[in-house]
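What follows is a short report on a single structure.
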Amino acid sequence: MKRYRLQLMVCAGTGCVSNHSVEIKDALDREIEKHKLQNEAEVVFTGCNGFCGAGPIVVVQPDGVFYQLLKTADIPHLVEEHLLKGRPVKKLMYSPPAEKIPIPKMSDIPFFSDQTLIALRNRGMIDPEQIDDYIARGGYKGLVKALTMMTPDEVLKEIKSSGLRGRGGGGFPTGVKWESCKHAHGDIKHVICNADEGDPGAFMDRSIIEGDPHAVIEGMIIGAYAIEKVHQGYIYVRMEYPLAIKRFQIAIKQAREYGLLGENILDAGFTFDIDIRRGAGAFVCGESTALMASVEGKPGEPRAKYIHTVERGLWERPTCLNNVETWANVPQIILKGAQWFSSIGTGDVSADPWGGSKGTKVFSLAGKVNNTGLVEVPMGIPLRDIVFKIGGGIRDGKKFKAVQTGGPSGGFIPESLLDLPVDYEELTKVGSMMGSGGMVVTDEDNCMVDMARYFLAFTQAESCGKCTPCREGTKQMLDILDRISVGEGTEEDLVTLEDLSNVIVESSLCALGGSAPNPVLTTLKYFREEYEAHVKDKKCPSHTCRKLNTYSIDEKICLKLGHGCHVCVKHCPDAAIIGERKQVHYIDPAKCSKCGVCYDVCNFKAVQVA
Amino acid sequence: MIKLKINAVPVSVEEGSTILEAAQFLGFPIPTLCHVEGLSPYGACRLCVVEVGEGARSKLVSSCTYPVEEGLRVRTASARVVRARKMILELMLGSCPQSKIIQDLASAYEVRQQRFKQEYETCILCGLCARMCTEQMMAHAIGFQGRGDHRTLGTPFNIKSEKCRLCGGCIYICPACQLRCTYTQPEKAICGGCANLSPPCLEKPNFDDMMCYMSPCVACEIKKD
């Protein structure tokens with residue numbers, strides 16, 4: 001194997017690729033060749049680093065120097081300075097928004113230093129398309145340990161005592177699930193990996209698959225071994241993740257070639273193989289019973305889960321379904337032991353598997369924070385630390401308003417509850433949930449009615465339509481919210497909204513309907529004054545609901561700064577703005593349809609909103 | 001045999017039966033729309049919800065799909081159950097106000113107002129016709145299409161199905177439009193109370209496969225062009 005003085009790890013996660021990281025790699029290769037450094041420096045593609053807001057990212061190893069927001073034009077300078085002269089380029093490094101002093105090393109950047117990596121431990125370190133890279137970082141060691149040194153029962157006991165709980169959202173103890181599946185009657189059983197990640201703005205699973213597909217496969221093999229009578233597993237990936245599908249296909253092929261999948265794995269007399277099934281774009285297929293119906297080739301609709309899928313799942317056979325992140329945690333637990341895993345997190349799981357939240361959780365941090373991207377944090381970390389330490393606080397010095405956790409059906413958590421430790425029980429208590437790990441931060445400019453409406457519109461559109469409360473109920477909720485946001489809501493509407501939400505939560509068939517009203521319920525609970533402003537005063541406090549705004553033009557600014565630039569007149573669709581070029585402009589309230597275009601196009605902020 | 005208590009009345013029923021069957025055995029009324037004996041339980045209309053369990057862990061479940069458990073405590077008409085049923089009926093009135101069965105149920109549950117946006121659908125999407133067609137008539141000619149709000153019933157690609165034998169089972173089982181196919185004798189079929197005075201297939205111009213899968217229709221003898 002060839003050795004290099006320097007390795008340049010170019011992030012090839014979806015975020016960085018769409019920011020032209022492939023061109024960055026080409027440019028690096030060109031420059032390295034120009035300076036005849038081919039034998040000293042190597043350029044490698046890696047999986048997602050997580051700091052997607054800073055992409056494209058290049059990390060220079062072994063020093064771990066972190067370069068962000070690169071452009072092809074920066075590359076000649078970078079190669080000459082850093083690679084040739086040994087002087088890292090400060091202006092391409094990350095500097096925190098407050099201090100403005102560049103931080104050279106990746107491990108010193110708060111975004112990375114406050115994280116604990118288990119599921120994402122190989123991120124940015126390996127080429128996900130090379131099984132050797134994974135093995136070099138200790139991959140498949142857990143599998144070898146399980147198959148050669150442990151009985152299936154011992155593996156199960158290890159997972160059970162680790163306190164690992166389902167990372168897909170429900171938080172069901174993984175060991176308990178495996179045990180029920182193991183004890184269920186049936187000669188053929190299955191394991192499934194749920195990679196149908198459909199929450200808007202969430203990409204934890206995609207990132208794990210694209211960056212470290214073998215960790216998931218290894219976890220599934222260990223699971224199949226522990227549950228017994230499992231010889232076929234399925235990975236259900238959504239069609240919208242073509243790169244993830246490709247990486248899985250490569251990984252499965254390589255694992256088969258190495259004898260890690262197929263007949264007689266590691267000569268331990270255990271046979272297991274994995275196939276990929278692709279989703280067809282239905283959000284509801286992330287629900288376990290709908291997913292299984294979809295794998296069977298039926299319409300993706302949930303069924304009542306009073307008989308659990310571990311007893312009767314795929315083709316009526318006992319089936320153990322876990323999320324990508326859950327599977328990715330398994331090899332590390334087997335390798336390092338349950339005690340190590342349960343030392344991280346909250347509560348005590350030795351007696352009650354629901355008694356605590358152990359290990360880490362990956363969140364995709366999005367919205368109005370400075371550092372957006374993927375973070376893996378230990379359970380029990382205060383929400384405030386995620387938003388303000390790792391996330392770097394709110395963008396442009398604005399004021400924090402709320403954070404929404406758990407994807408489209410999670411709830412909003414206000415400032416007063418920010419010191420809440422992040423674990424399954426605490427989040428549920430305040431009306432939100434862990435969910436799959438979406439985290440959307442909102443600031444003072446966001447209208448809570450509008451946010452609730454946005455997320456409800458998503459779940460409403462993705463409802464399968466099988467049961468009445470979800471199909472008809474979410475539609476009517478959305479109708480009420482639509483009316484509130486244009487000023488046609490009444491105070492009775494708020495009561496109806498609350499009643500309806502509670503019935504939908506209680507009586508829906510599956511968890512999609514059962515959690516869809518959460519954004520509305522939590523905003524009604526914590527931000528009721530905003531709803532009341534909409535229905536009583538017919539005003540949107542953050543001026544997001546435009547139909548409730550009144551637009552006017554500040555004469556002084558218009559004339560002094562803008563010199564009557566006339567741009568607003570050109571854009572106004574209603575011909576409601578009066579005024580000649582180089583003169584003061586006015587808005588005719590009778591004609592104004594309150595679209596807000598004038599506010600958007602005015603370069604001098606002369607248009608005032610009230 | 002499994003022993004459980006429904007509204008504090010002890011009952012023992014065979015393993016594998018549902019709460020609905022046990023409650024019907026005791027004579028406790030539970031309203032249903034998407035459930036018919038002889039067809040597989042579906043659990044979609046949610047009208048048959050009952051409350052099971054105690055205290056903080058109690059929950060609403062659909063009695064047509066919930067298998068009985070030893071020692072289970074069921075309440076078929078608690079305040080929580082009635083509140084949910086009333087809201088579901090109100091939602092159904094919002095979408096299918098002309099259906100007699102929904103009007104009757106709403107009246108029985110004293111639903112006096114409908115606070116939602118009014119729509120005039122004819123189908124309540126209970127799926128009985130599709131299950132009848134598949135499970136009893138072994139035809140598999142009709143099924144659900146679309147998702148959520150756009151869900152409808154129909155034949156594949158909405159063209160006349162080769163599997164359909166015009167048996168009329170779908171029309172026979174439909175709970176929402178009991179008066180649909182009495183066209184030849186409409187005056188005898190009118191109950192006098194509901195808005196469903198004329199068969200809906202006549203109201204729609206060129207009645208489509210959505211309304212009636214059969215051409216010619218065995219009941220009303222209307223023939224499609």
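By convention here, the chains of the structure tokens are called A, B, ... in the order presented, each chain's residues are numbered starting at 1, and ligands are numbered starting at 1 in the order presented.
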key: Test item: chain A residues at most 6 Å from chain B, counting only C-alpha atoms, as an MDAnalysis selection string   = chainID A and resid 306 463:468 471 503
inquiry  = Quick one: residues within 10 Å of Gly380 of chain A, only C-alpha atoms, excluding same-chain residues fewer than 4 positions away - as a ChimeraX atom specification?
reply    = /A:344-347,356-361,420-424,426
For the selection you just gave me, I'd like the residues written to a file as a short mmCIF file (atom, residue, chain, number, x, y, z; two decimals), in the first residue's frame, keeping all heavy atoms.
data_model
loop_
_atom_site.label_atom_id
_atom_site.label_comp_id
_atom_site.auth_asym_id
_atom_site.auth_seq_id
_atom_site.Cartn_x
_atom_site.Cartn_y
_atom_site.Cartn_z
N ILE A 344 -23.16 6.20 28.39
CA ILE A 344 -23.54 7.46 27.75
C ILE A 344 -25.06 7.60 27.85
O ILE A 344 -25.77 6.64 27.59
CB ILE A 344 -23.14 7.46 26.26
CG1 ILE A 344 -21.68 7.02 26.09
CG2 ILE A 344 -23.37 8.80 25.60
CD1 ILE A 344 -21.31 6.64 24.67
N GLY A 345 -25.54 8.77 28.19
CA GLY A 345 -26.99 8.98 28.16
C GLY A 345 -27.61 9.16 29.52
O GLY A 345 -26.93 9.41 30.51
N THR A 346 -28.96 9.02 29.56
CA THR A 346 -29.70 9.34 30.77
C THR A 346 -30.41 8.11 31.33
O THR A 346 -30.59 7.12 30.62
CB THR A 346 -30.79 10.38 30.48
OG1 THR A 346 -31.70 9.81 29.53
CG2 THR A 346 -30.23 11.66 29.92
N GLY A 347 -30.80 8.19 32.57
CA GLY A 347 -31.65 7.18 33.20
C GLY A 347 -30.92 5.87 33.49
O GLY A 347 -29.70 5.76 33.38
N GLY A 356 -34.63 4.74 30.46
CA GLY A 356 -33.66 5.78 30.12
C GLY A 356 -33.36 5.80 28.64
O GLY A 356 -33.83 4.96 27.88
N SER A 357 -32.59 6.80 28.23
CA SER A 357 -32.18 6.91 26.83
C SER A 357 -30.66 6.82 26.80
O SER A 357 -29.99 7.62 27.44
CB SER A 357 -32.63 8.24 26.24
OG SER A 357 -34.01 8.41 26.46
N LYS A 358 -30.14 5.83 26.10
CA LYS A 358 -28.71 5.58 26.12
C LYS A 358 -28.08 5.85 24.77
O LYS A 358 -28.73 5.81 23.74
CB LYS A 358 -28.45 4.13 26.53
CG LYS A 358 -28.88 3.81 27.95
CD LYS A 358 -28.09 4.62 28.95
CE LYS A 358 -28.45 4.31 30.38
NZ LYS A 358 -27.81 5.25 31.30
N GLY A 359 -26.76 6.09 24.83
CA GLY A 359 -26.02 6.26 23.59
C GLY A 359 -26.15 7.67 23.05
O GLY A 359 -26.33 8.63 23.80
N THR A 360 -26.09 7.76 21.74
CA THR A 360 -26.12 9.07 21.10
C THR A 360 -27.31 9.13 20.15
O THR A 360 -27.93 8.13 19.86
CB THR A 360 -24.85 9.29 20.27
OG1 THR A 360 -24.77 8.24 19.31
CG2 THR A 360 -23.62 9.32 21.14
N LYS A 361 -27.60 10.33 19.67
CA LYS A 361 -28.63 10.48 18.64
C LYS A 361 -28.11 11.47 17.60
O LYS A 361 -27.52 12.49 17.95
CB LYS A 361 -29.93 10.99 19.27
CG LYS A 361 -31.05 11.28 18.29
CD LYS A 361 -31.73 9.99 17.80
CE LYS A 361 -32.67 10.23 16.62
NZ LYS A 361 -32.00 10.08 15.32
N LEU A 420 -34.09 21.73 28.62
CA LEU A 420 -34.57 20.36 28.64
C LEU A 420 -33.48 19.39 28.14
O LEU A 420 -32.88 19.62 27.10
CB LEU A 420 -35.74 20.33 27.66
CG LEU A 420 -36.52 19.09 27.41
CD1 LEU A 420 -37.74 19.15 28.30
CD2 LEU A 420 -36.97 19.09 25.97
N PRO A 421 -33.23 18.31 28.91
CA PRO A 421 -32.28 17.32 28.38
C PRO A 421 -32.94 16.53 27.24
O PRO A 421 -34.10 16.16 27.34
CB PRO A 421 -31.99 16.43 29.59
CG PRO A 421 -33.12 16.62 30.51
CD PRO A 421 -33.73 17.97 30.24
N VAL A 422 -32.18 16.32 26.18
CA VAL A 422 -32.75 15.63 25.02
C VAL A 422 -32.79 14.13 25.27
O VAL A 422 -31.76 13.47 25.22
CB VAL A 422 -31.93 15.96 23.76
CG1 VAL A 422 -32.41 15.13 22.58
CG2 VAL A 422 -32.03 17.43 23.43
N ASP A 423 -33.93 13.60 25.61
CA ASP A 423 -34.13 12.14 25.58
C ASP A 423 -35.60 11.84 25.27
O ASP A 423 -36.41 12.76 25.18
CB ASP A 423 -33.61 11.45 26.85
CG ASP A 423 -34.50 11.64 28.06
OD1 ASP A 423 -35.59 12.23 27.92
OD2 ASP A 423 -34.11 11.20 29.16
N TYR A 424 -35.90 10.56 25.06
CA TYR A 424 -37.22 10.19 24.56
C TYR A 424 -38.34 10.72 25.45
O TYR A 424 -39.29 11.33 24.98
CB TYR A 424 -37.34 8.66 24.46
CG TYR A 424 -36.49 8.07 23.37
CD1 TYR A 424 -35.29 7.46 23.67
CD2 TYR A 424 -36.89 8.12 22.04
CE1 TYR A 424 -34.49 6.90 22.67
CE2 TYR A 424 -36.11 7.57 21.04
CZ TYR A 424 -34.92 6.96 21.36
OH TYR A 424 -34.13 6.43 20.37
N GLU A 426 -38.38 13.06 27.95
CA GLU A 426 -38.48 14.50 28.18
C GLU A 426 -39.14 15.20 26.99
O GLU A 426 -39.96 16.09 27.15
CB GLU A 426 -37.10 15.10 28.44
CG GLU A 426 -36.45 14.65 29.74
CD GLU A 426 -37.21 15.10 30.97
OE1 GLU A 426 -37.81 16.18 30.92
OE2 GLU A 426 -37.22 14.35 31.97
#
inquiry  = as a VMD selection string, please: every residue in segment 172-388 of chain A that a backbone DSSP assignment puts in strand (DSSP E or B).
reply    = chain A and resid 173 189 to 195 230 to 237 262 272 to 278 319 to 323 345 to 347 356 to 358 360 to 367 369 373 to 378 382
d(atom CA of Tyr234 of chain A, atom CA of Gly286 of chain A) in Å =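 Between atom CA of Tyr234 of chain A and atom CA of Gly286 of chain A the gap is 13.8 Å.
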query = Near segment 168-171 of chain B, counting only C-alpha atoms, which residues have an atom at most 7 Å away, once you skip same-chain residues fewer than 2 positions from it, shown as a ChimeraX atom specification?
reply = /B:129,132-133,166,173-174
message = Give me the residues near Lys36 of chain A as a PyMOL selection string, where near means some atom within 12 Å (using only C-alpha atoms) and where sequence neighbours in that chain fewer than 6 positions away do not count.
response = chain A and resi 28-30+42+79-80+83-84
query = So which residues touch Leu500 of chain A within 10 Å, counting only C-alpha atoms, skipping near sequence neighbours fewer than 5 positions away, as number ranges by chain?
reply = A: 469, 473-474, 476-477, 494-495, 505-506, 517; B: 84, 87-88, 91
Same residues, C-alpha atoms, saved as a CSV table (one decimal), in the first residue's frame:
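Okay, part_6.csv is ready:
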chain,number,residue,atom,x,y,z
A,469,PRO,CA,-59.6,11.1,11.2
A,473,GLY,CA,-59.4,15.6,9.9
A,474,THR,CA,-56.0,16.9,8.7
A,476,GLN,CA,-60.2,20.3,7.8
A,477,MET,CA,-57.4,21.4,10.2
A,494,LEU,CA,-59.2,27.7,17.9
A,495,VAL,CA,-61.4,25.6,20.1
A,505,VAL,CA,-54.3,12.0,17.9
A,506,GLU,CA,-56.4,9.5,19.8
A,517,PRO,CA,-51.5,17.5,14.9
B,84,ALA,CA,-64.1,10.7,19.3
B,87,MET,CA,-66.0,14.2,15.9
B,88,ILE,CA,-65.6,11.5,13.4
B,91,LEU,CA,-66.0,15.0,9.8
inquiry  = as number ranges by chain, please: the residues near Ala108 of chain B (cut-off 12 Å, only C-alpha atoms, same-chain neighbours under 2 positions excluded).
reply    = B: 29-31, 82, 85-86, 89, 101-106, 110-112
Neighbour list for His190 of chain A as a PyMOL selection string, cut-off 12 Å, only C-alpha atoms, skip fewer than 4 positions in-chain = chain A and resi 178+181-182+184+186+220-221+223-235+272-275+292+295+309-322
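Of note, atom CA of Leu524 of chain A and atom CA of Ala79 of chain B are spaced 23.7 Å apart.
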task = Determine the nearest neighbour of Gly86 of chain A from the options A:Val60, A:Leu481, A:Cys595, A:Tyr258, counting only C-alpha atoms.
result =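 With only C-alpha atoms as the atom set, the closest residue is A:Val60.
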ask   = So which one's closest to Thr18 of chain B, B:Ser63, B:Gln114, B:Gly38, B:Glu70? Using only C-alpha atoms, please.
value =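 So, comparing all the options, the nearest one is B:Ser63.
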Each residue of segment 154-210 of chain A lying at most 12 Å from segment 108-130 of chain A should get a row with its shortest atom-to-atom pair and the distance in Å to one decimal, counting only C-alpha atoms; could you produce that, ordered by chain and increasing number, as CSV?
residue,atom,partner,partner_atom,distance
A:Arg167,CA,A:Ala119,CA,10.8
A:Met204,CA,A:Leu120,CA,9.3
A:Asp205,CA,A:Ala119,CA,9.9
A:Arg206,CA,A:Leu120,CA,11.4
A:Ser207,CA,A:Leu120,CA,8.5
A:Ile208,CA,A:Leu120,CA,6.5
A:Ile209,CA,A:Pro128,CA,8.6
A:Glu210,CA,A:Pro128,CA,6.8
Go ahead and save the residues from that selection, with N, CA, C and O atoms, as a PDB file, in the first residue's frame.
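The resulting file, out_21.pdb, is shown below:
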ATOM      1  N   ARG A 167     -34.081   4.247  16.868  1.00  0.00           N
ATOM      2  CA  ARG A 167     -33.705   5.608  16.492  1.00  0.00           C
ATOM      3  C   ARG A 167     -34.624   6.184  15.425  1.00  0.00           C
ATOM      4  O   ARG A 167     -34.417   7.301  14.975  1.00  0.00           O
ATOM      5  N   MET A 204     -30.332  12.282   8.296  1.00  0.00           N
ATOM      6  CA  MET A 204     -29.437  11.481   9.123  1.00  0.00           C
ATOM      7  C   MET A 204     -29.137  10.138   8.450  1.00  0.00           C
ATOM      8  O   MET A 204     -27.990   9.729   8.321  1.00  0.00           O
ATOM      9  N   ASP A 205     -30.219   9.464   8.056  1.00  0.00           N
ATOM     10  CA  ASP A 205     -30.056   8.120   7.512  1.00  0.00           C
ATOM     11  C   ASP A 205     -29.308   8.146   6.189  1.00  0.00           C
ATOM     12  O   ASP A 205     -28.443   7.319   5.934  1.00  0.00           O
ATOM     13  N   ARG A 206     -29.656   9.135   5.375  1.00  0.00           N
ATOM     14  CA  ARG A 206     -28.970   9.235   4.082  1.00  0.00           C
ATOM     15  C   ARG A 206     -27.481   9.392   4.291  1.00  0.00           C
ATOM     16  O   ARG A 206     -26.668   8.765   3.634  1.00  0.00           O
ATOM     17  N   SER A 207     -27.134  10.231   5.252  1.00  0.00           N
ATOM     18  CA  SER A 207     -25.731  10.507   5.485  1.00  0.00           C
ATOM     19  C   SER A 207     -24.994   9.266   5.988  1.00  0.00           C
ATOM     20  O   SER A 207     -23.861   8.999   5.589  1.00  0.00           O
ATOM     21  N   ILE A 208     -25.648   8.514   6.857  1.00  0.00           N
ATOM     22  CA  ILE A 208     -25.008   7.289   7.357  1.00  0.00           C
ATOM     23  C   ILE A 208     -24.809   6.303   6.212  1.00  0.00           C
ATOM     24  O   ILE A 208     -23.735   5.721   6.043  1.00  0.00           O
ATOM     25  N   ILE A 209     -25.843   6.140   5.388  1.00  0.00           N
ATOM     26  CA  ILE A 209     -25.733   5.171   4.286  1.00  0.00           C
ATOM     27  C   ILE A 209     -24.671   5.632   3.291  1.00  0.00           C
ATOM     28  O   ILE A 209     -23.828   4.852   2.858  1.00  0.00           O
ATOM     29  N   GLU A 210     -24.713   6.897   2.957  1.00  0.00           N
ATOM     30  CA  GLU A 210     -23.760   7.377   1.948  1.00  0.00           C
ATOM     31  C   GLU A 210     -22.341   7.409   2.488  1.00  0.00           C
ATOM     32  O   GLU A 210     -21.382   7.287   1.735  1.00  0.00           O
TER      33      GLU A 210
END
inquiry  = Report, in Å with one decimal, the straight-line distance from atom CA of Asp212 of chain A to atom CA of Gly47 of chain A.
reply    =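 Computing the Euclidean distance for atom CA of Asp212 of chain A and atom CA of Gly47 of chain A yields 7.1 Å.
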